[in-house]
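Colleague: Okay, so here is data_29.csv, and as you'll see once you scroll down, it has CSV, C-alpha atoms (C1' of nucleotides).
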chain,number,residue,atom,x,y,z
T,1426,MET,CA,-11.7,-8.2,-21.8
T,1427,ASN,CA,-13.8,-7.9,-18.7
T,1428,ALA,CA,-11.8,-9.7,-16.2
T,1429,ILE,CA,-13.9,-9.1,-13.2
T,1430,SER,CA,-11.1,-8.0,-11.0
T,1431,GLU,CA,-10.0,-10.6,-8.4
T,1432,THR,CA,-10.0,-7.8,-5.9
T,1433,LEU,CA,-13.6,-7.0,-6.5
T,1434,ARG,CA,-14.6,-10.6,-6.3
T,1435,GLU,CA,-12.9,-10.9,-2.9
T,1436,LEU,CA,-14.5,-7.8,-1.6
T,1437,GLY,CA,-17.9,-9.0,-2.8
T,1438,ASP,CA,-17.3,-12.4,-1.1
T,1439,LEU,CA,-16.6,-10.6,2.1
T,1440,LEU,CA,-19.7,-8.5,1.9
T,1441,ARG,CA,-21.8,-11.6,1.2
T,1442,GLN,CA,-20.3,-13.4,4.2
T,1443,ALA,CA,-21.1,-10.5,6.4
T,1444,ARG,CA,-24.6,-10.2,5.0
T,1445,LEU,CA,-25.4,-13.8,5.5
T,1446,ALA,CA,-23.9,-13.7,9.0
T,1447,ALA,CA,-26.2,-10.7,9.7
T,1448,GLY,CA,-29.2,-12.6,8.3
T,1449,LEU,CA,-30.0,-10.0,5.8
T,1450,THR,CA,-31.3,-10.3,2.2
T,1451,GLN,CA,-29.6,-8.4,-0.7
T,1452,GLU,CA,-32.6,-6.2,-0.8
T,1453,GLN,CA,-32.4,-5.3,2.8
T,1454,VAL,CA,-28.8,-4.3,2.6
T,1455,ALA,CA,-29.5,-2.4,-0.6
T,1456,ASP,CA,-32.2,-0.4,1.2
T,1457,LEU,CA,-30.1,0.2,4.2
T,1458,ALA,CA,-27.3,1.4,2.0
T,1459,GLY,CA,-29.6,3.5,-0.1
T,1460,ILE,CA,-28.9,1.8,-3.4
T,1461,SER,CA,-30.9,-0.5,-5.6
T,1462,ARG,CA,-30.9,-4.3,-5.3
T,1463,PRO,CA,-29.4,-4.8,-8.8
T,1464,ARG,CA,-26.7,-2.5,-7.8
T,1465,TYR,CA,-25.9,-4.2,-4.6
T,1466,ARG,CA,-26.0,-7.5,-6.3
T,1467,ASP,CA,-23.4,-6.3,-8.8
T,1468,ILE,CA,-21.2,-5.2,-6.0
T,1469,GLU,CA,-21.6,-8.5,-4.1
T,1470,THR,CA,-20.8,-10.6,-7.2
T,1471,GLY,CA,-17.8,-8.4,-8.0
T,1472,ILE,CA,-19.2,-7.3,-11.3
T,1473,ALA,CA,-19.0,-3.6,-10.5
T,1474,ALA,CA,-16.9,-1.4,-8.3
T,1475,ALA,CA,-19.0,0.7,-6.0
T,1476,ARG,CA,-18.1,4.3,-5.2
T,1477,ALA,CA,-16.1,4.8,-2.0
T,1478,THR,CA,-19.2,6.4,-0.4
T,1479,THR,CA,-21.4,3.6,-1.5
T,1480,LEU,CA,-19.0,1.1,-0.1
T,1481,MET,CA,-19.0,3.0,3.2
T,1482,ASN,CA,-22.8,2.9,3.3
T,1483,VAL,CA,-22.9,-0.8,2.4
T,1484,SER,CA,-20.3,-1.7,5.0
T,1485,ARG,CA,-22.0,0.2,7.7
T,1486,ALA,CA,-25.3,-1.6,6.8
T,1487,LEU,CA,-23.4,-4.8,7.4
T,1488,GLY,CA,-21.9,-3.7,10.7
T,1489,LEU,CA,-18.6,-3.0,9.2
T,1490,GLU,CA,-16.5,0.2,9.0
T,1491,MET,CA,-14.2,1.2,6.2
T,1492,MET,CA,-10.8,2.2,7.6
T,1493,LEU,CA,-7.5,3.2,6.1
T,1494,VAL,CA,-4.6,1.8,8.1
T,1495,PRO,CA,-0.9,2.1,7.6
T,1496,GLN,CA,0.3,-0.9,5.7
T,1497,ALA,CA,2.8,-1.7,8.5
T,1498,MET,CA,0.0,-2.3,11.0
T,1499,VAL,CA,-2.2,-4.4,8.8
T,1500,PRO,CA,-0.9,-7.7,10.4
T,1501,ALA,CA,-1.5,-6.4,13.9
T,1502,VAL,CA,-5.1,-5.3,13.0
T,1503,ARG,CA,-5.8,-8.6,11.3
T,1504,ALA,CA,-4.5,-10.4,14.4
T,1505,LEU,CA,-6.9,-8.2,16.5
T,1506,MET,CA,-9.8,-9.5,14.5
T,1507,ARG,CA,-9.1,-13.2,14.8
T,1508,PRO,CA,-8.3,-13.9,18.4
T,1509,ARG,CA,-8.2,-17.6,17.7
T,1510,ASP,CA,-5.8,-17.9,14.9
T,1511,ASP,CA,-7.8,-19.4,12.1
T,1512,ASP,CA,-10.2,-17.0,10.5
T,1513,ASP,CA,-13.2,-16.5,8.3
T,1514,LEU,CA,-14.3,-13.3,9.9
T,1515,PRO,CA,-14.3,-9.9,8.2
T,1516,ALA,CA,-11.2,-7.8,7.8
T,1517,PHE,CA,-10.7,-7.0,4.2
T,1518,VAL,CA,-7.4,-6.2,2.7
T,1519,SER,CA,-7.1,-6.3,-1.1
T,1520,GLN,CA,-4.2,-7.7,-2.9
T,1521,PRO,CA,-1.9,-5.4,-4.8
T,1522,ASP,CA,-2.4,-5.4,-8.6
N,861,MET,CA,-27.0,21.5,-4.9
N,862,ASN,CA,-23.5,20.2,-4.7
N,863,ALA,CA,-22.9,19.9,-1.0
N,864,ILE,CA,-19.5,18.3,-1.0
N,865,SER,CA,-20.2,15.7,1.5
N,866,GLU,CA,-18.5,16.1,4.9
N,867,THR,CA,-17.4,12.5,4.7
N,868,LEU,CA,-15.6,13.1,1.4
N,869,ARG,CA,-13.9,16.2,2.8
N,870,GLU,CA,-12.6,14.3,5.8
N,871,LEU,CA,-11.4,11.4,3.6
N,872,GLY,CA,-9.7,13.9,1.4
N,873,ASP,CA,-8.0,15.6,4.3
N,874,LEU,CA,-6.7,12.3,5.5
N,875,LEU,CA,-5.3,11.5,2.1
N,876,ARG,CA,-3.6,14.9,1.9
N,877,GLN,CA,-2.1,14.5,5.3
N,878,ALA,CA,-0.8,11.1,4.3
N,879,ARG,CA,0.5,12.5,1.1
N,880,LEU,CA,2.4,15.3,2.7
N,881,ALA,CA,3.8,13.0,5.3
N,882,ALA,CA,5.0,10.8,2.5
N,883,GLY,CA,6.6,13.8,0.8
N,884,LEU,CA,4.7,13.2,-2.5
N,885,THR,CA,3.2,15.6,-5.0
N,886,GLN,CA,-0.4,15.2,-6.2
N,887,GLU,CA,0.9,14.2,-9.5
N,888,GLN,CA,3.1,11.5,-8.1
N,889,VAL,CA,0.3,10.0,-6.1
N,890,ALA,CA,-2.0,10.2,-9.2
N,891,ASP,CA,0.6,8.4,-11.3
N,892,LEU,CA,1.2,5.7,-8.6
N,893,ALA,CA,-2.6,5.1,-8.3
N,894,GLY,CA,-3.1,5.1,-12.1
N,895,ILE,CA,-5.4,8.1,-12.3
N,896,SER,CA,-5.0,11.7,-13.6
N,897,ARG,CA,-3.9,14.6,-11.5
N,898,PRO,CA,-7.1,16.5,-11.8
N,899,ARG,CA,-8.9,13.4,-10.7
N,900,TYR,CA,-6.7,12.9,-7.7
N,901,ARG,CA,-7.1,16.5,-6.8
N,902,ASP,CA,-10.9,16.2,-6.8
N,903,ILE,CA,-10.6,13.3,-4.5
N,904,GLU,CA,-8.2,15.0,-2.2
N,905,THR,CA,-10.4,18.1,-2.0
N,906,GLY,CA,-13.5,16.1,-1.5
N,907,ILE,CA,-15.2,17.2,-4.6
N,908,ALA,CA,-15.6,13.7,-6.0
N,909,ALA,CA,-16.1,10.3,-4.6
N,910,ALA,CA,-13.6,7.9,-6.1
N,911,ARG,CA,-14.5,4.3,-6.9
N,912,ALA,CA,-13.7,1.7,-4.3
N,913,THR,CA,-10.9,0.3,-6.5
N,914,THR,CA,-9.5,3.8,-7.1
N,915,LEU,CA,-9.5,4.5,-3.4
N,916,MET,CA,-7.6,1.2,-2.8
N,917,ASN,CA,-5.0,2.2,-5.3
N,918,VAL,CA,-4.6,5.7,-4.0
N,919,SER,CA,-4.4,4.4,-0.4
N,920,ARG,CA,-1.8,1.9,-1.3
N,921,ALA,CA,0.2,4.6,-3.1
N,922,LEU,CA,0.2,6.4,0.2
N,923,GLY,CA,1.3,3.5,2.3
N,924,LEU,CA,-2.2,2.8,3.5
N,925,GLU,CA,-4.5,-0.2,3.2
N,926,MET,CA,-8.3,-0.1,3.0
N,927,MET,CA,-9.8,-2.5,5.5
N,928,LEU,CA,-13.4,-3.3,6.5
N,929,VAL,CA,-13.5,-4.0,10.2
N,930,PRO,CA,-16.4,-4.9,12.5
N,931,GLN,CA,-17.8,-1.7,14.0
N,932,ALA,CA,-17.3,-3.1,17.5
N,933,MET,CA,-13.5,-3.3,17.0
N,934,VAL,CA,-13.1,0.1,15.6
N,935,PRO,CA,-12.0,1.6,18.9
N,936,ALA,CA,-9.5,-1.1,19.5
N,937,VAL,CA,-8.0,-0.6,16.0
N,938,ARG,CA,-7.8,3.1,16.5
N,939,ALA,CA,-6.1,2.6,19.8
N,940,LEU,CA,-3.6,0.4,18.0
N,941,MET,CA,-2.8,3.2,15.6
N,942,ARG,CA,-2.1,5.9,18.1
N,943,PRO,CA,0.1,4.4,20.8
N,944,ARG,CA,0.5,7.9,22.4
N,945,ASP,CA,-3.1,8.9,22.9
N,946,ASP,CA,-3.2,12.1,20.9
N,947,ASP,CA,-3.6,11.5,17.2
N,948,ASP,CA,-3.3,13.0,13.8
N,949,LEU,CA,-2.2,9.8,12.2
N,950,PRO,CA,-4.2,7.8,9.6
N,951,ALA,CA,-7.1,5.6,10.5
N,952,PHE,CA,-10.1,6.8,8.7
N,953,VAL,CA,-13.6,6.1,9.9
N,954,SER,CA,-16.4,8.1,8.4
N,955,GLN,CA,-19.3,9.5,10.3
N,956,PRO,CA,-22.7,8.1,9.7
N,957,ASP,CA,-25.0,10.1,7.6
X,615,DT,C1',14.7,38.2,-14.1
X,616,DG,C1',12.7,34.4,-15.6
X,617,DA,C1',12.2,29.3,-15.9
X,618,DA,C1',10.5,25.4,-13.5
X,619,DT,C1',7.4,23.3,-10.2
X,620,DG,C1',3.1,22.4,-7.4
X,621,DA,C1',-1.4,23.2,-7.1
X,622,DG,C1',-6.2,25.3,-8.3
X,623,DA,C1',-9.5,25.4,-11.9
X,624,DT,C1',-12.4,24.7,-16.3
X,625,DA,C1',-13.9,22.3,-20.7
X,626,DT,C1',-15.0,18.4,-23.4
X,627,DG,C1',-15.6,13.5,-24.2
X,628,DT,C1',-16.0,8.6,-22.6
X,629,DA,C1',-16.7,4.8,-19.5
X,630,DA,C1',-19.0,3.1,-15.8
X,631,DA,C1',-21.8,3.4,-11.5
X,632,DC,C1',-26.2,4.4,-10.5
X,633,DG,C1',-31.9,3.9,-11.0
X,634,DT,C1',-36.2,1.6,-12.5
X,635,DA,C1',-38.5,-2.0,-14.7
X,636,DT,C1',-39.0,-6.6,-15.9
X,637,DC,C1',-38.4,-11.6,-16.4
X,638,DA,C1',-36.5,-16.2,-15.0
X,639,DT,C1',-35.4,-19.8,-11.6
X,640,DG,C1',-35.0,-22.5,-7.5
X,641,DA,C1',-36.3,-23.1,-2.8
X,642,DT,C1',-39.7,-22.8,0.7
X,643,DT,C1',-44.5,-22.7,2.3
X,644,DT,C1',-49.6,-23.0,2.4
K,550,DA,C1',-50.1,-27.4,-7.3
K,551,DA,C1',-49.9,-22.5,-6.5
K,552,DA,C1',-47.9,-18.7,-4.2
K,553,DT,C1',-44.1,-16.4,-2.0
K,554,DC,C1',-39.5,-15.1,-1.6
K,555,DA,C1',-34.5,-14.6,-2.6
K,556,DT,C1',-31.5,-14.3,-6.2
K,557,DG,C1',-29.6,-14.0,-11.0
K,558,DA,C1',-30.0,-11.4,-15.1
K,559,DT,C1',-31.0,-8.0,-19.0
K,560,DA,C1',-32.4,-3.4,-20.9
K,561,DC,C1',-32.4,1.4,-21.0
K,562,DG,C1',-31.8,6.1,-19.2
K,563,DT,C1',-29.2,9.4,-16.0
K,564,DT,C1',-25.4,10.9,-13.3
K,565,DT,C1',-20.7,11.1,-12.4
K,566,DA,C1',-16.0,9.3,-12.1
K,567,DC,C1',-12.6,9.2,-15.2
K,568,DA,C1',-9.0,11.1,-19.2
K,569,DT,C1',-6.8,14.8,-21.7
K,570,DA,C1',-5.9,19.4,-22.6
K,571,DT,C1',-5.2,23.9,-21.2
K,572,DC,C1',-5.0,28.1,-18.3
K,573,DT,C1',-3.8,30.6,-14.1
K,574,DC,C1',-1.1,31.7,-9.9
K,575,DA,C1',2.2,31.3,-6.3
K,576,DT,C1',6.6,29.8,-4.9
K,577,DT,C1',11.3,28.4,-5.6
K,578,DC,C1',15.6,28.6,-7.7
K,579,DA,C1',19.2,29.0,-11.2
Have the structure of the file written as structure tokens, please.

Modeller:
Amino acid sequence: MNAISETLRELGDLLRQARLAAGLTQEQVADLAGISRPRYRDIETGIAAARATTLMNVSRALGLEMMLVPQAMVPAVRALMRPRDDDDLPAFVSQPD
Amino acid sequence: MNAISETLRELGDLLRQARLAAGLTQEQVADLAGISRPRYRDIETGIAAARATTLMNVSRALGLEMMLVPQAMVPAVRALMRPRDDDDLPAFVSQPD
DNA sequence: TGAATGAGATATGTAAACGTATCATGATTT
DNA sequence: AAATCATGATACGTTTACATATCTCATTCA
């Protein structure tokens, strides 16, 4: 009964991508974000949902910023982030439940 | 010893703005997001830090989406959201600690 | 006038996000 | 081969985000 929400897994994957792209270890990110390594690991693997404030700190440590954008502009924002059509870069938007 | 982080207050303010703009009551947003009213109230007043997943659900209930964008593109994204220079609309970016 | 509504607030209990400590494993390096 | 180093994983204790229940206080409205 512990489904490990798909959303959390996606978010974790994004963080991992960003971390590797930044050439940082889990421990370094954890330190920068002010949390423990086991904690960061759980977040990155999608096992646990961080607090909003923790996610902000982690994101910032990875060169990302958490933003709340009107749903209608999500496509435009995404387009902004991948100039050359095909992606793989940041920009996280979770799927509805 | 309960400082009520400035970041949380700002986030709460944004949620309140969005809620009022959407013409919803605290209880309606709480229901849509799947949390209790007292809980949503705490989030909106900045007393408590929601979980990342809760923030996603609340945001979605308000017509917003949580996104993680590269820090370098934050200005561009913000510009996208306020076509007419002066703001007051969504787009949340917290201040560093 | 008084009933309903929206919001602030407090109390108690539970689930889960946190910390610290510790061990295992696979890859790299000396 | 031995020693790092990065990561996965588990255990236990603390803090806090959550639910539910209940009370108050304006405001609105029949």

Colleague: Enter the distance from atom C1' of DA641 of chain X to atom CA of Gly1437 of chain T, in Å, rounded to one decimal.

Modeller: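 Spanning atom C1' of DA641 of chain X to atom CA of Gly1437 of chain T is a straight-line distance of 23.2 Å.
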
Colleague: I need the contact residues of chain T against chain K, so if you could list those with any atom within 9 Å, counting all atoms listed in the file, and return them as a VMD selection string, that would help.

Modeller: chain T and resid 1450 to 1452 1466 1476

Colleague: Take the residues that were just selected and, keeping C-alpha atoms, output them as a PDB file, in the frame of the given file.

Modeller:
ATOM      1  CA  THR T1450     -31.300 -10.300   2.200  1.00  0.00           C
ATOM      2  CA  GLN T1451     -29.600  -8.400  -0.700  1.00  0.00           C
ATOM      3  CA  GLU T1452     -32.600  -6.200  -0.800  1.00  0.00           C
ATOM      4  CA  ARG T1466     -26.000  -7.500  -6.300  1.00  0.00           C
ATOM      5  CA  ARG T1476     -18.100   4.300  -5.200  1.00  0.00           C
TER       6      ARG T1476
END

Colleague: Quick one: of N:Val937, N:Ala910, N:Leu868, N:Ala893, who's nearest to chain X, counting all atoms listed in the file?

Modeller: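 Looking only at the distances to chain X, the closest residue turns out to be N:Ala910.
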
Colleague: Please, which residues in chain N fall within 6 Å of chain T when counting all atoms listed in the file, and what is the closest atom pair and distance in Å to one decimal for each, ordered by chain then residue number, as CSV?

Modeller:
residue,atom,partner,partner_atom,distance
N:Ala910,CA,T:Ala1477,CA,5.7
N:Arg911,CA,T:Arg1476,CA,4.0
N:Ala912,CA,T:Ala1477,CA,4.5
N:Gly923,CA,T:Gln1496,CA,5.6
N:Leu924,CA,T:Pro1495,CA,4.4
N:Glu925,CA,T:Val1494,CA,5.3
N:Met926,CA,T:Leu1493,CA,4.6
N:Met927,CA,T:Phe1517,CA,4.8
N:Leu928,CA,T:Met1491,CA,4.6
N:Val929,CA,T:Ala1516,CA,5.0
N:Pro930,CA,T:Leu1489,CA,4.4
N:Gln931,CA,T:Leu1489,CA,5.0
N:Ala951,CA,T:Leu1493,CA,5.0
N:Phe952,CA,T:Met1492,CA,4.8
N:Val953,CA,T:Met1492,CA,5.3

Colleague: Name the closest residue to chain X among the candidates N:Pro935, N:Gly906, N:Arg897, N:Pro943; distances are taken between atoms, counting all atoms listed in the file.

Modeller: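 Result for the nearest residue to chain X: N:Arg897.
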
Colleague: Which residues of chain X come within 9 Å of chain T, and for each one, what is the closest pair of atoms and their distance in Å to one decimal, counting only C-alpha atoms (C1' of nucleotides), sorted by chain and residue number, as a Markdown table?

Modeller:
| residue | atom | partner | partner_atom | distance |
| --- | --- | --- | --- | --- |
| X:DA630 | C1' | T:Ala1473 | CA | 8.5 |
| X:DA631 | C1' | T:Ala1475 | CA | 6.7 |
| X:DC632 | C1' | T:Arg1464 | CA | 7.4 |
| X:DG633 | C1' | T:Ser1461 | CA | 7.0 |
| X:DT634 | C1' | T:Ser1461 | CA | 9.0 |

Colleague: Keeping only C-alpha atoms (C1' of nucleotides), write the selected residues to a file as a short mmCIF file (atom, residue, chain, number, x, y, z; two decimals), keeping the file's coordinate frame.

Modeller:
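What follows is the written file out_23.cif:
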data_model
loop_
_atom_site.label_atom_id
_atom_site.label_comp_id
_atom_site.auth_asym_id
_atom_site.auth_seq_id
_atom_site.Cartn_x
_atom_site.Cartn_y
_atom_site.Cartn_z
"C1'" DA X 630 -19.00 3.10 -15.80
"C1'" DA X 631 -21.80 3.40 -11.50
"C1'" DC X 632 -26.20 4.40 -10.50
"C1'" DG X 633 -31.90 3.90 -11.00
"C1'" DT X 634 -36.20 1.60 -12.50
#

Colleague: Rounded to one decimal in Å, what is the spacing between atom CA of Arg1434 of chain T and atom CA of Ala1446 of chain T?

Modeller: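 Between these atoms lies a distance of 18.2 Å.
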
Colleague: Quick check, in Å to one decimal: how far apart do atom CA of Val918 of chain N and atom CA of Gly894 of chain N lie?

Modeller: 8.3 Å

Colleague: Please, could all heavy atoms be added to segment 1475-1486 of chain T and the result written as a PDB file, keeping the file's coordinate frame?

Modeller:
ATOM      1  N   ALA T1475     -18.156  -0.336  -6.600  1.00  0.00           N
ATOM      2  CA  ALA T1475     -19.000   0.700  -6.000  1.00  0.00           C
ATOM      3  C   ALA T1475     -18.122   1.982  -5.823  1.00  0.00           C
ATOM      4  O   ALA T1475     -16.902   1.933  -5.883  1.00  0.00           O
ATOM      5  CB  ALA T1475     -19.528   0.279  -4.683  1.00  0.00           C
ATOM      6  N   ARG T1476     -18.793   3.087  -5.597  1.00  0.00           N
ATOM      7  CA  ARG T1476     -18.100   4.300  -5.200  1.00  0.00           C
ATOM      8  C   ARG T1476     -17.628   4.126  -3.770  1.00  0.00           C
ATOM      9  O   ARG T1476     -18.216   3.352  -3.012  1.00  0.00           O
ATOM     10  CB  ARG T1476     -18.973   5.518  -5.305  1.00  0.00           C
ATOM     11  CG  ARG T1476     -19.283   5.895  -6.715  1.00  0.00           C
ATOM     12  CD  ARG T1476     -20.169   7.113  -6.788  1.00  0.00           C
ATOM     13  NE  ARG T1476     -20.845   7.126  -8.076  1.00  0.00           N
ATOM     14  CZ  ARG T1476     -22.050   7.612  -8.296  1.00  0.00           C
ATOM     15  NH1 ARG T1476     -22.726   8.156  -7.295  1.00  0.00           N
ATOM     16  NH2 ARG T1476     -22.578   7.582  -9.481  1.00  0.00           N
ATOM     17  N   ALA T1477     -16.639   4.890  -3.391  1.00  0.00           N
ATOM     18  CA  ALA T1477     -16.100   4.800  -2.000  1.00  0.00           C
ATOM     19  C   ALA T1477     -17.275   5.090  -1.042  1.00  0.00           C
ATOM     20  O   ALA T1477     -17.435   4.379  -0.045  1.00  0.00           O
ATOM     21  CB  ALA T1477     -15.011   5.825  -1.818  1.00  0.00           C
ATOM     22  N   THR T1478     -18.085   6.098  -1.347  1.00  0.00           N
ATOM     23  CA  THR T1478     -19.200   6.400  -0.400  1.00  0.00           C
ATOM     24  C   THR T1478     -20.213   5.320  -0.368  1.00  0.00           C
ATOM     25  O   THR T1478     -20.752   5.029   0.702  1.00  0.00           O
ATOM     26  CB  THR T1478     -19.872   7.737  -0.901  1.00  0.00           C
ATOM     27  OG1 THR T1478     -20.121   7.658  -2.298  1.00  0.00           O
ATOM     28  CG2 THR T1478     -18.994   8.935  -0.632  1.00  0.00           C
ATOM     29  N   THR T1479     -20.474   4.696  -1.501  1.00  0.00           N
ATOM     30  CA  THR T1479     -21.400   3.600  -1.500  1.00  0.00           C
ATOM     31  C   THR T1479     -20.884   2.424  -0.702  1.00  0.00           C
ATOM     32  O   THR T1479     -21.618   1.797   0.078  1.00  0.00           O
ATOM     33  CB  THR T1479     -21.695   3.128  -2.964  1.00  0.00           C
ATOM     34  OG1 THR T1479     -22.304   4.196  -3.682  1.00  0.00           O
ATOM     35  CG2 THR T1479     -22.611   1.916  -3.003  1.00  0.00           C
ATOM     36  N   LEU T1480     -19.595   2.151  -0.862  1.00  0.00           N
ATOM     37  CA  LEU T1480     -19.000   1.100  -0.100  1.00  0.00           C
ATOM     38  C   LEU T1480     -19.078   1.341   1.392  1.00  0.00           C
ATOM     39  O   LEU T1480     -19.322   0.438   2.198  1.00  0.00           O
ATOM     40  CB  LEU T1480     -17.535   0.868  -0.515  1.00  0.00           C
ATOM     41  CG  LEU T1480     -16.800  -0.259   0.208  1.00  0.00           C
ATOM     42  CD1 LEU T1480     -17.524  -1.590   0.045  1.00  0.00           C
ATOM     43  CD2 LEU T1480     -15.366  -0.366  -0.285  1.00  0.00           C
ATOM     44  N   MET T1481     -18.896   2.594   1.771  1.00  0.00           N
ATOM     45  CA  MET T1481     -19.000   3.000   3.200  1.00  0.00           C
ATOM     46  C   MET T1481     -20.415   2.660   3.688  1.00  0.00           C
ATOM     47  O   MET T1481     -20.593   2.088   4.762  1.00  0.00           O
ATOM     48  CB  MET T1481     -18.726   4.458   3.382  1.00  0.00           C
ATOM     49  CG  MET T1481     -17.269   4.845   3.205  1.00  0.00           C
ATOM     50  SD  MET T1481     -17.057   6.641   3.465  1.00  0.00           S
ATOM     51  CE  MET T1481     -15.621   6.955   2.441  1.00  0.00           C
ATOM     52  N   ASN T1482     -21.411   3.067   2.918  1.00  0.00           N
ATOM     53  CA  ASN T1482     -22.800   2.900   3.300  1.00  0.00           C
ATOM     54  C   ASN T1482     -23.144   1.372   3.404  1.00  0.00           C
ATOM     55  O   ASN T1482     -23.816   0.930   4.342  1.00  0.00           O
ATOM     56  CB  ASN T1482     -23.746   3.570   2.363  1.00  0.00           C
ATOM     57  CG  ASN T1482     -23.641   5.076   2.473  1.00  0.00           C
ATOM     58  OD1 ASN T1482     -23.280   5.608   3.527  1.00  0.00           O
ATOM     59  ND2 ASN T1482     -23.946   5.782   1.399  1.00  0.00           N
ATOM     60  N   VAL T1483     -22.687   0.622   2.424  1.00  0.00           N
ATOM     61  CA  VAL T1483     -22.900  -0.800   2.400  1.00  0.00           C
ATOM     62  C   VAL T1483     -22.263  -1.465   3.625  1.00  0.00           C
ATOM     63  O   VAL T1483     -22.878  -2.260   4.338  1.00  0.00           O
ATOM     64  CB  VAL T1483     -22.424  -1.460   1.110  1.00  0.00           C
ATOM     65  CG1 VAL T1483     -22.397  -2.972   1.235  1.00  0.00           C
ATOM     66  CG2 VAL T1483     -23.302  -1.052  -0.065  1.00  0.00           C
ATOM     67  N   SER T1484     -21.023  -1.117   3.832  1.00  0.00           N
ATOM     68  CA  SER T1484     -20.300  -1.700   5.000  1.00  0.00           C
ATOM     69  C   SER T1484     -20.988  -1.425   6.268  1.00  0.00           C
ATOM     70  O   SER T1484     -21.173  -2.322   7.092  1.00  0.00           O
ATOM     71  CB  SER T1484     -18.865  -1.088   5.013  1.00  0.00           C
ATOM     72  OG  SER T1484     -18.161  -1.360   3.829  1.00  0.00           O
ATOM     73  N   ARG T1485     -21.392  -0.191   6.418  1.00  0.00           N
ATOM     74  CA  ARG T1485     -22.000   0.200   7.700  1.00  0.00           C
ATOM     75  C   ARG T1485     -23.344  -0.582   7.855  1.00  0.00           C
ATOM     76  O   ARG T1485     -23.685  -0.980   8.970  1.00  0.00           O
ATOM     77  CB  ARG T1485     -22.310   1.700   7.653  1.00  0.00           C
ATOM     78  CG  ARG T1485     -22.565   2.280   9.027  1.00  0.00           C
ATOM     79  CD  ARG T1485     -22.498   3.788   9.011  1.00  0.00           C
ATOM     80  NE  ARG T1485     -21.150   4.268   8.777  1.00  0.00           N
ATOM     81  CZ  ARG T1485     -20.830   5.163   7.858  1.00  0.00           C
ATOM     82  NH1 ARG T1485     -21.751   5.680   7.084  1.00  0.00           N
ATOM     83  NH2 ARG T1485     -19.586   5.540   7.712  1.00  0.00           N
ATOM     84  N   ALA T1486     -24.045  -0.802   6.746  1.00  0.00           N
ATOM     85  CA  ALA T1486     -25.300  -1.600   6.800  1.00  0.00           C
ATOM     86  C   ALA T1486     -25.026  -2.992   7.268  1.00  0.00           C
ATOM     87  O   ALA T1486     -25.901  -3.659   7.810  1.00  0.00           O
ATOM     88  CB  ALA T1486     -25.968  -1.569   5.443  1.00  0.00           C
TER      89      ALA T1486
END
